[in-house]
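Just start.cif here, mmCIF, C-alpha atoms:
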```
data_entry
#
loop_
_atom_site.label_atom_id
_atom_site.label_comp_id
_atom_site.auth_asym_id
_atom_site.auth_seq_id
_atom_site.Cartn_x
_atom_site.Cartn_y
_atom_site.Cartn_z
CA MET A 1 4.93 -24.95 -14.80
CA GLY A 2 5.92 -24.06 -18.36
CA ALA A 3 3.82 -23.80 -21.49
CA VAL A 4 3.71 -27.61 -21.58
CA GLY A 5 2.74 -29.59 -18.49
CA CYS A 6 4.93 -32.01 -16.56
CA ARG A 7 5.64 -35.20 -18.54
CA SER A 8 8.03 -36.84 -16.08
CA LYS A 9 7.42 -40.56 -15.59
CA PHE A 10 8.80 -40.28 -12.07
CA CYS A 11 6.23 -37.61 -11.17
CA LEU A 12 3.42 -39.82 -12.41
CA SER A 13 4.48 -42.65 -10.11
CA SER A 14 5.70 -40.54 -7.16
CA THR A 15 3.56 -39.93 -4.09
CA LYS A 16 5.67 -36.95 -2.97
CA ARG A 17 5.48 -34.48 -5.85
CA HIS A 18 1.66 -34.35 -6.18
CA CYS A 19 1.77 -33.14 -9.78
CA GLY A 20 -1.53 -34.89 -10.42
CA GLU A 21 -3.37 -32.55 -8.04
CA PHE A 22 -3.04 -29.73 -10.57
CA GLU A 23 -5.23 -30.18 -13.60
CA GLU A 24 -4.25 -28.76 -16.95
CA GLU A 25 -6.78 -25.92 -16.55
CA ASP A 26 -5.27 -24.90 -13.19
CA ARG A 27 -1.74 -25.02 -14.57
CA GLN A 28 -2.63 -22.93 -17.61
CA ALA A 29 -4.36 -20.32 -15.41
CA ILE A 30 -1.29 -19.94 -13.18
CA PHE A 31 1.02 -19.82 -16.20
CA LYS A 32 -1.06 -17.12 -17.92
CA ASN A 33 -1.45 -14.98 -14.79
CA PHE A 34 2.28 -15.18 -14.10
CA TRP A 35 3.22 -13.75 -17.50
CA ASP A 36 0.44 -11.16 -17.41
CA PHE A 37 2.24 -9.23 -14.67
CA PRO A 38 4.28 -6.32 -16.08
CA SER A 39 7.52 -6.80 -14.10
CA TRP A 40 9.60 -9.52 -12.50
CA SER A 41 9.08 -8.04 -9.04
CA ALA A 42 5.31 -8.38 -9.49
CA ARG A 43 5.75 -11.95 -10.74
CA GLN A 44 7.92 -12.75 -7.74
CA SER A 45 5.24 -11.44 -5.38
CA PHE A 46 2.62 -13.49 -7.25
CA VAL A 47 4.65 -16.68 -6.81
CA SER A 48 5.26 -15.95 -3.12
CA LEU A 49 1.50 -15.66 -2.57
CA LEU A 50 0.99 -19.10 -4.12
CA THR A 51 3.72 -20.74 -2.07
CA CYS A 52 3.61 -22.14 1.45
CA VAL A 53 6.60 -23.41 3.40
CA GLY A 54 7.00 -26.36 5.73
CA GLU A 55 9.83 -28.11 7.52
CA LYS A 56 10.85 -31.64 6.61
CA LYS A 57 10.65 -34.33 9.24
CA ILE A 58 14.25 -35.26 9.94
CA ILE A 59 16.31 -36.78 12.69
CA LYS A 60 16.74 -34.53 15.71
CA ASN A 61 19.99 -32.53 15.83
CA HIS A 62 20.76 -33.37 12.22
CA ALA A 63 24.03 -31.88 10.97
CA MET A 64 22.28 -30.15 8.06
CA GLY A 65 19.84 -28.34 10.31
CA ASN A 66 16.15 -28.13 9.44
CA PRO A 67 15.61 -28.24 5.66
CA ILE A 68 12.41 -26.73 4.34
CA GLU A 69 9.95 -27.71 1.63
CA TYR A 70 7.96 -25.41 -0.66
CA TYR A 71 4.41 -26.24 -1.69
CA LEU A 72 2.42 -24.70 -4.51
CA LYS A 73 -1.17 -23.90 -3.57
CA LYS A 74 -4.06 -23.99 -6.02
CA LYS A 75 -4.76 -20.26 -6.02
CA ASP A 76 -4.54 -17.97 -9.01
CA GLY A 77 -4.06 -14.23 -9.28
CA LYS A 78 -7.62 -13.60 -10.41
CA LYS A 79 -9.05 -15.22 -7.28
CA LEU A 80 -6.68 -13.19 -5.10
CA GLN A 81 -7.78 -10.07 -6.93
CA ASP A 82 -11.46 -10.92 -6.53
CA ARG A 83 -11.13 -11.60 -2.81
CA ALA A 84 -9.33 -8.31 -2.20
CA ARG A 85 -11.86 -6.30 -4.20
CA ALA A 86 -14.79 -8.06 -2.55
CA GLU A 87 -13.36 -7.29 0.87
CA LYS A 88 -12.89 -3.62 -0.06
CA ASP A 89 -16.50 -3.39 -1.24
CA GLU A 90 -17.66 -5.13 1.92
CA ASP A 91 -15.75 -2.62 4.06
CA LYS A 92 -17.52 0.22 2.29
CA LYS A 93 -20.94 -1.39 2.78
CA SER A 94 -20.20 -1.99 6.45
CA ALA A 95 -19.19 1.64 6.96
CA LEU A 96 -22.31 2.97 5.21
CA SER A 97 -24.60 0.65 7.19
CA LEU A 98 -23.47 2.01 10.56
CA HIS A 99 -25.84 4.69 11.83
CA ASP A 100 -23.25 6.19 14.17
CA GLU A 101 -20.74 6.58 11.30
CA SER A 102 -18.01 5.13 13.50
CA MET A 103 -16.17 3.52 10.57
CA SER A 104 -14.39 5.23 7.69
CA VAL A 105 -12.89 3.63 4.57
CA TRP A 106 -10.21 5.31 2.43
CA THR A 107 -8.15 4.59 -0.66
CA PHE A 108 -4.99 6.50 -1.52
CA ASP A 109 -2.24 6.44 -4.11
CA THR A 110 0.40 8.64 -5.73
CA GLN A 111 -0.28 10.06 -9.16
CA SER A 112 2.23 9.62 -11.96
CA VAL A 113 4.97 12.24 -12.04
CA ILE A 114 3.78 15.58 -13.44
CA LEU A 115 6.41 17.54 -15.35
CA CYS A 116 6.45 21.30 -15.09
CA PRO A 117 6.34 23.41 -17.23
CA GLN A 118 3.87 21.98 -19.73
CA THR A 119 2.78 23.86 -22.81
CA LYS A 120 0.95 23.18 -26.05
CA ALA A 121 3.53 25.15 -28.02
CA SER A 122 5.76 22.54 -29.65
CA ALA A 123 8.45 25.14 -30.40
CA LEU A 124 9.32 25.57 -26.72
CA TYR A 125 12.04 23.36 -25.27
CA PHE A 126 13.51 23.13 -21.80
CA ARG A 127 16.83 21.71 -20.77
CA THR A 128 15.32 20.31 -17.56
CA LYS A 129 11.81 20.10 -16.17
CA LEU A 130 10.63 20.14 -12.59
CA GLN A 131 9.07 16.95 -11.25
CA VAL A 132 5.86 17.37 -9.26
CA HIS A 133 4.37 14.60 -7.10
CA ASN A 134 0.74 14.35 -6.01
CA LEU A 135 -0.46 12.08 -3.18
CA THR A 136 -4.24 11.66 -3.33
CA PHE A 137 -6.74 10.44 -0.72
CA TYR A 138 -10.33 9.39 -1.44
CA ASN A 139 -13.02 8.80 1.19
CA ASN A 140 -15.06 5.86 -0.13
CA CYS A 141 -18.05 6.77 2.04
CA THR A 142 -18.38 10.54 1.55
CA ARG A 143 -16.41 10.90 -1.73
CA ASP A 144 -14.32 13.67 -0.16
CA SER A 145 -11.01 13.92 -2.02
CA PHE A 146 -7.67 15.42 -1.04
CA CYS A 147 -4.51 16.27 -3.00
CA TYR A 148 -1.12 16.91 -1.40
CA TYR A 149 1.43 17.91 -4.00
CA TRP A 150 5.06 19.03 -3.87
CA ASP A 151 7.95 19.44 -6.28
CA GLU A 152 11.39 17.86 -6.10
CA SER A 153 12.91 20.95 -4.48
CA GLU A 154 10.63 20.53 -1.45
CA GLY A 155 10.93 16.81 -0.79
CA GLU A 156 12.07 13.43 -2.04
CA LEU A 157 10.22 10.24 -2.86
CA LYS A 158 11.09 8.23 0.23
CA ALA A 159 9.27 6.35 2.97
CA GLY A 160 9.57 9.10 5.58
CA ASN A 161 7.90 11.69 3.37
CA PHE A 162 4.92 9.50 2.54
CA ALA A 163 4.58 8.44 6.18
CA SER A 164 4.61 12.08 7.28
CA LEU A 165 1.85 13.08 4.85
CA GLN A 166 -0.34 10.08 5.62
CA TYR A 167 -0.01 10.65 9.35
CA TYR A 168 -0.83 14.35 8.96
CA HIS A 169 -3.86 13.70 6.77
CA PHE A 170 -5.49 11.05 8.93
CA LYS A 171 -4.56 12.82 12.17
CA THR A 172 -6.37 15.91 10.90
CA PHE A 173 -9.34 13.82 9.75
CA LEU A 174 -9.71 12.01 13.08
CA ALA A 175 -9.35 15.24 15.03
CA SER A 176 -12.32 16.72 13.16
CA ASN A 177 -14.30 13.45 13.35
CA PRO A 178 -13.90 12.16 16.92
CA HIS A 179 -16.78 9.71 16.46
CA ILE A 180 -14.62 7.55 14.14
CA LYS A 181 -13.50 4.40 15.97
CA THR A 182 -12.45 2.22 13.02
CA LEU A 183 -10.28 3.45 10.16
CA VAL A 184 -9.76 1.19 7.13
CA LEU A 185 -7.09 2.17 4.60
CA TRP A 186 -6.71 0.49 1.20
CA SER A 187 -3.67 0.96 -1.03
CA ASP A 188 -1.28 -0.92 -3.28
CA GLY A 189 1.70 -2.79 -1.87
CA CYS A 190 4.42 -0.36 -2.91
CA LEU A 191 7.11 -0.91 -0.29
CA TYR A 192 8.59 2.57 0.10
CA GLN A 193 5.17 4.22 0.05
CA ASN A 194 2.77 1.95 1.92
CA LYS A 195 4.50 -1.10 3.37
CA ASN A 196 7.47 -0.27 5.58
CA ALA A 197 8.44 0.09 9.24
CA CYS A 198 8.56 3.90 9.06
CA LEU A 199 4.90 4.15 8.03
CA ALA A 200 3.91 1.38 10.44
CA ASN A 201 5.38 3.34 13.36
CA CYS A 202 3.37 6.40 12.31
CA TYR A 203 0.14 4.42 12.08
CA SER A 204 0.79 2.77 15.44
CA GLN A 205 1.33 6.21 16.97
CA LEU A 206 -1.86 7.48 15.32
CA ALA A 207 -3.92 4.57 16.65
CA LEU A 208 -2.61 5.21 20.16
CA GLU A 209 -3.17 8.96 20.07
CA SER A 210 -6.63 8.89 18.50
CA LYS A 211 -7.77 5.67 20.24
CA VAL A 212 -8.93 4.01 17.03
CA ASP A 213 -8.51 0.60 15.44
CA LEU A 214 -6.59 1.20 12.23
CA PHE A 215 -6.63 -1.43 9.48
CA GLN A 216 -4.12 -1.18 6.65
CA LYS A 217 -5.07 -3.43 3.72
CA TYR A 218 -3.41 -4.08 0.38
CA LEU A 219 -4.83 -5.00 -3.01
CA ALA A 220 -3.47 -7.94 -5.00
CA VAL A 221 -0.32 -7.30 -7.00
CA GLY A 222 -1.08 -6.19 -10.55
CA HIS A 223 -4.74 -5.43 -9.76
CA THR A 224 -4.55 -2.20 -7.77
CA GLN A 225 -7.22 -0.09 -9.45
CA MET A 226 -8.96 1.97 -6.75
CA GLU A 227 -11.48 4.77 -6.42
CA CYS A 228 -8.72 7.31 -5.86
CA ASP A 229 -7.33 6.55 -9.33
CA SER A 230 -10.32 8.39 -10.79
CA MET A 231 -8.87 11.57 -9.29
CA HIS A 232 -5.72 11.16 -11.35
CA SER A 233 -7.59 10.83 -14.64
CA VAL A 234 -9.85 13.79 -13.83
CA ILE A 235 -6.85 15.99 -13.04
CA GLU A 236 -5.03 14.94 -16.21
CA ARG A 237 -8.07 15.69 -18.36
CA ASN A 238 -8.27 19.15 -16.81
CA MET A 239 -4.71 20.05 -17.89
CA VAL A 240 -5.89 21.94 -20.97
CA CYS A 241 -3.97 25.16 -20.37
CA ASP A 242 -0.25 25.88 -20.15
CA ILE A 243 1.40 25.10 -16.81
CA HIS A 244 4.47 27.16 -16.05
CA THR A 245 4.94 26.75 -12.28
CA PRO A 246 3.71 24.30 -9.61
CA ASN A 247 1.33 27.02 -8.41
CA ASP A 248 -0.57 26.66 -11.70
CA LEU A 249 -1.25 23.02 -10.82
CA ARG A 250 -3.22 24.11 -7.77
CA ILE A 251 -5.79 25.80 -9.99
CA VAL A 252 -5.95 22.72 -12.23
CA MET A 253 -6.61 20.42 -9.27
CA GLU A 254 -9.11 22.69 -7.53
CA THR A 255 -11.21 23.08 -10.69
CA ALA A 256 -10.94 19.46 -11.83
CA ARG A 257 -14.15 18.39 -10.05
CA ARG A 258 -17.34 20.20 -9.12
CA ASN A 259 -19.66 17.52 -7.74
CA PRO A 260 -20.10 16.55 -5.00
CA SER A 261 -17.39 19.04 -3.99
CA PRO A 262 -14.07 20.32 -5.37
CA TYR A 263 -10.86 18.57 -4.40
CA PHE A 264 -9.13 19.85 -1.30
CA VAL A 265 -5.64 20.84 -2.45
CA LYS A 266 -2.61 21.57 -0.29
CA GLN A 267 0.82 22.50 -1.63
CA ILE A 268 3.44 20.85 0.56
CA LYS A 269 6.62 22.70 1.55
CA HIS A 270 9.81 21.17 2.91
CA THR A 271 8.85 22.43 6.38
CA ASP A 272 5.73 20.22 6.31
CA PHE A 273 7.68 16.97 6.26
CA LYS A 274 8.24 15.64 9.78
CA THR A 275 9.91 12.58 11.24
CA MET A 276 9.33 10.74 14.51
CA SER A 277 11.97 11.21 17.19
CA THR A 278 11.87 7.52 18.13
CA SER A 279 10.49 4.21 16.87
CA ARG A 280 8.68 1.45 18.71
CA PHE A 281 9.87 -1.29 16.33
CA ASN A 282 12.28 -1.62 13.42
CA SER A 283 10.63 -4.19 11.16
CA ILE A 284 7.22 -5.42 10.02
CA ARG A 285 8.41 -8.74 8.64
CA PRO A 286 5.88 -11.42 9.65
CA GLY A 287 8.57 -14.09 9.96
CA ARG A 288 11.90 -14.55 11.67
CA LYS A 289 13.77 -17.36 9.95
CA ALA A 290 14.45 -18.53 6.41
CA GLY A 291 11.33 -19.74 4.68
CA ASP A 292 8.94 -17.66 6.79
CA SER A 293 6.63 -15.05 5.29
CA VAL A 294 8.18 -11.76 4.20
CA VAL A 295 6.95 -8.17 4.01
CA THR A 296 5.78 -8.44 0.41
CA GLN A 297 3.30 -11.14 1.43
CA LEU A 298 1.44 -9.00 3.96
CA SER A 299 -2.20 -8.37 3.03
CA HIS A 300 -3.51 -6.88 6.32
CA ILE A 301 -2.02 -5.00 9.25
CA HIS A 302 -4.12 -4.09 12.28
CA TYR A 303 -2.92 -1.37 14.65
CA THR A 304 -4.97 -1.48 17.85
CA SER A 305 -5.67 1.43 20.16
CA THR A 306 -3.59 -0.34 22.84
CA GLY A 307 -0.41 -0.58 20.76
CA GLN A 308 -0.75 -4.18 19.61
CA ILE A 309 0.05 -5.03 15.97
CA LEU A 310 -1.61 -7.95 14.18
CA TYR A 311 -1.30 -9.18 10.62
CA LYS A 312 -2.66 -11.48 7.92
CA VAL A 313 -0.97 -12.83 4.82
CA PHE A 314 -3.94 -13.71 2.58
CA HIS A 315 -7.35 -12.16 1.80
CA GLU A 316 -9.34 -15.03 3.26
CA ASN A 317 -10.73 -16.33 6.54
CA GLU A 318 -7.37 -16.37 8.25
CA ASP A 319 -6.88 -15.73 11.94
CA TRP A 320 -5.12 -12.55 13.02
CA ARG A 321 -1.61 -13.19 14.31
CA ASN A 322 0.70 -11.06 16.42
CA LEU A 323 3.53 -9.46 14.48
CA PRO A 324 6.69 -11.24 15.72
CA VAL A 325 8.67 -8.10 16.53
CA ARG A 326 9.76 -6.56 19.79
CA ILE A 327 7.72 -3.41 20.45
CA ALA A 328 9.34 -0.87 22.75
CA ASN A 329 7.21 0.46 25.58
CA ILE A 330 7.27 4.14 24.64
CA ALA A 331 4.52 6.43 25.85
CA LYS A 332 2.71 8.32 23.11
CA GLU A 333 3.53 11.60 24.88
CA ASP A 334 7.27 10.91 24.55
CA VAL A 335 7.16 10.91 20.75
CA GLU A 336 8.14 14.20 19.12
CA TRP A 337 7.93 15.25 15.49
CA LYS A 338 11.08 16.87 14.14
CA PRO A 339 11.59 18.65 10.80
CA MET A 340 12.94 16.35 8.12
CA TYR A 341 14.61 19.13 6.10
CA SER A 342 16.34 22.30 7.24
CA SER A 343 16.11 23.94 3.80
CA ARG A 344 14.90 23.34 0.27
CA LEU A 345 16.65 20.63 -1.72
CA LYS A 346 19.06 21.28 -4.55
CA ILE A 347 17.90 20.12 -7.95
CA THR A 348 20.51 17.89 -9.56
#
```
Kindly present the structure from the file in structure tokens form.
Amino acid sequence: MGAVGCRSKFCLSSTKRHCGEFEEEDRQAIFKNFWDFPSWSARQSFVSLLTCVGEKKIIKNHAMGNPIEYYLKKKDGKKLQDRARAEKDEDKKSALSLHDESMSVWTFDTQSVILCPQTKASALYFRTKLQVHNLTFYNNCTRDSFCYYWDESEGELKAGNFASLQYYHFKTFLASNPHIKTLVLWSDGCLYQNKNACLANCYSQLALESKVDLFQKYLAVGHTQMECDSMHSVIERNMVCDIHTPNDLRIVMETARRNPSPYFVKQIKHTDFKTMSTSRFNSIRPGRKAGDSVVTQLSHIHYTSTGQILYKVFHENEDWRNLPVRIANIAKEDVEWKPMYSSRLKIT
């Protein structure tokens, strides 16, 4: 799969390698898309999406166990991107077409780190600057937008913090909109933010408490532009004055947009981060043995109102499958939310 195609005489005569099934145009498209990704982790995810695994037919009870074979599928990154975007647009159309407004579609992402203080005076220097993080939510149906920001003395960038904020936001939204029965959430596939067991436990708890069907969907790797990204650019363009403290950022965010309504802004303190007292499951890996699908390949997760968890691997007409994990039978009333931090964090 290099810049030059396979020229092996054995491959031309072999009936096992199937090199002839890939035309030069297909090979060039895969090669170009692979190198277009900005990092090796993104390229690895791209390859995993193009690969399927099967077991070789061998003699029963063979000493070497069950060897596996890897097959390359004729799918390129652009098609994966197009399918994901088309599905996101279709979700929005479906939500807007319902007269009872029982479906809501959201996109969310974390803005790039904002350094504080910021000033236009080039003569001012600081030995250290405070890092500020901003988690944004965008309602694709109503265009309502929310900003939850905190600095590094109030909380870290870890899975539990993002899970706590996402649970709080959607719990508040569903409490004020009891007619919502289907919640669709689109995001990128960042593992510690959006694709981990900690967040999955929170979403499962939310689906049980609010009696909704919650769908968590991921865009294709390297093509994660969403509606909520417009919030980031609007906020950055509004940073025209000096910013000395994180409190100044609140004014910047609240005045960044006027129509259809200003952004809702909440400054998060360390006391706002909570953690679940217990977990129903410890993994969201869709496979159990070597060669099975892994977490990075997940494209859909469905949390039902009865506690069941289903998943898909590709953005196509694939059947929903049960997540192969053991789910503990814990009543929703037995789950408590405990403070994650007892005090503010030291800046190192």
- Find the spatial neighbours of Lys195 in chain A, counting all atoms listed in the file, within a cut-off of 9 Å - ignore same-chain residues fewer than 6 positions away - and output them as a PyMOL selection string. chain A and resi 159+188-189+218+284+295-296+298
Selected by the PyMOL selection byres ((chain A and resi 329-343) around 6) in the shown coordinates: which residues, as a PyMOL selection string? chain A and resi 273-277+328+344
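Considering all atoms listed in the file, the residue among A:Ser305, A:Thr245, A:Asn322, A:Ser187 positioned nearest to Cys116 in chain A is A:Thr245.
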Reference answer for the PyMOL selection byres ((chain A and resi 104) around 12), as number ranges by chain: A: 88, 91-98, 100-103, 105-107, 138-144, 170, 173-174, 177-186, 212-215
- [ ] Considering all atoms listed in the file, return as a PyMOL selection string whatever protein or nucleic-acid residues lie within 7 Å of Tyr149 in chain A, sequence-local ones (same chain, fewer than 5 positions apart) excluded.
- [x] chain A and resi 132-135+266-268
So which residues get picked by the PyMOL selection byres ((chain A and resi 241) around 9) here, written as a compact mmCIF listing (two decimals) with C-alpha atoms, in the frame of the given file?
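Okay, this is what ended up in result20.txt:
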```txt
# COMPACT_ATOMS: atom_id res chain seq x y z
CA GLN A 118 3.87 21.98 -19.73
CA THR A 119 2.78 23.86 -22.81
CA LYS A 120 0.95 23.18 -26.05
CA ASN A 238 -8.27 19.15 -16.81
CA MET A 239 -4.71 20.05 -17.89
CA VAL A 240 -5.89 21.94 -20.97
CA ASP A 242 -0.25 25.88 -20.15
CA ILE A 243 1.40 25.10 -16.81
CA VAL A 252 -5.95 22.72 -12.23
```
### Query
Separation of CA of Glu318 in chain A and CA of Phe34 in chain A, in Å?
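It comes out at 24.4 Å.
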Two-atom distance - CA of Leu208 in chain A, CA of Gly155 in chain A (Å)
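Going from CA of Leu208 in chain A over to CA of Gly155 in chain A, I get 27.5 Å.
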Hey, which of A:Ser233, A:Gln205, A:Ser261, A:Asn247 ends up closest to Phe281 in chain A? Count only C-alpha atoms.
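The answer is A:Gln205, which sits nearest to Phe281 in chain A.
Across the model, the gap from CA of Cys190 in chain A to CA of Val234 in chain A is 22.9 Å.
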* **Residue with smallest distance to Ile347 in chain A - pool A:Gln44, A:Gln308, A:Asn196, A:Gln131, counting all atoms listed in the file** =>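 Checking each candidate against Ile347 in chain A, we get A:Gln131 as the closest.
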Closest of A:Leu323, A:His300, A:Asn33, A:Phe162 to Glu87 in chain A, counting all atoms listed in the file, is A:His300
Phe108 in chain A proximity check over A:Thr128, A:Gln225, A:Ser8, A:Ser176, using all atoms listed in the file: winner is A:Gln225
For Ser283 in chain A, work out the shell of residues within 10 Å, counting only C-alpha atoms and skipping chain neighbours fewer than 5 positions away, then give it as a compact mmCIF listing (two decimals) with C-alpha atoms, in the coordinates of the input.
```
# COMPACT_ATOMS: atom_id res chain seq x y z
CA ASN A 196 7.47 -0.27 5.58
CA ALA A 197 8.44 0.09 9.24
CA CYS A 198 8.56 3.90 9.06
CA ALA A 200 3.91 1.38 10.44
CA ASN A 201 5.38 3.34 13.36
CA VAL A 295 6.95 -8.17 4.01
CA LEU A 323 3.53 -9.46 14.48
CA PRO A 324 6.69 -11.24 15.72
CA VAL A 325 8.67 -8.10 16.53
CA ARG A 326 9.76 -6.56 19.79
CA ILE A 327 7.72 -3.41 20.45
```
For Gln297 in chain A, the closest of A:Arg250, A:Lys211, A:Arg258, A:Lys312 counting all atoms listed in the file is A:Lys312
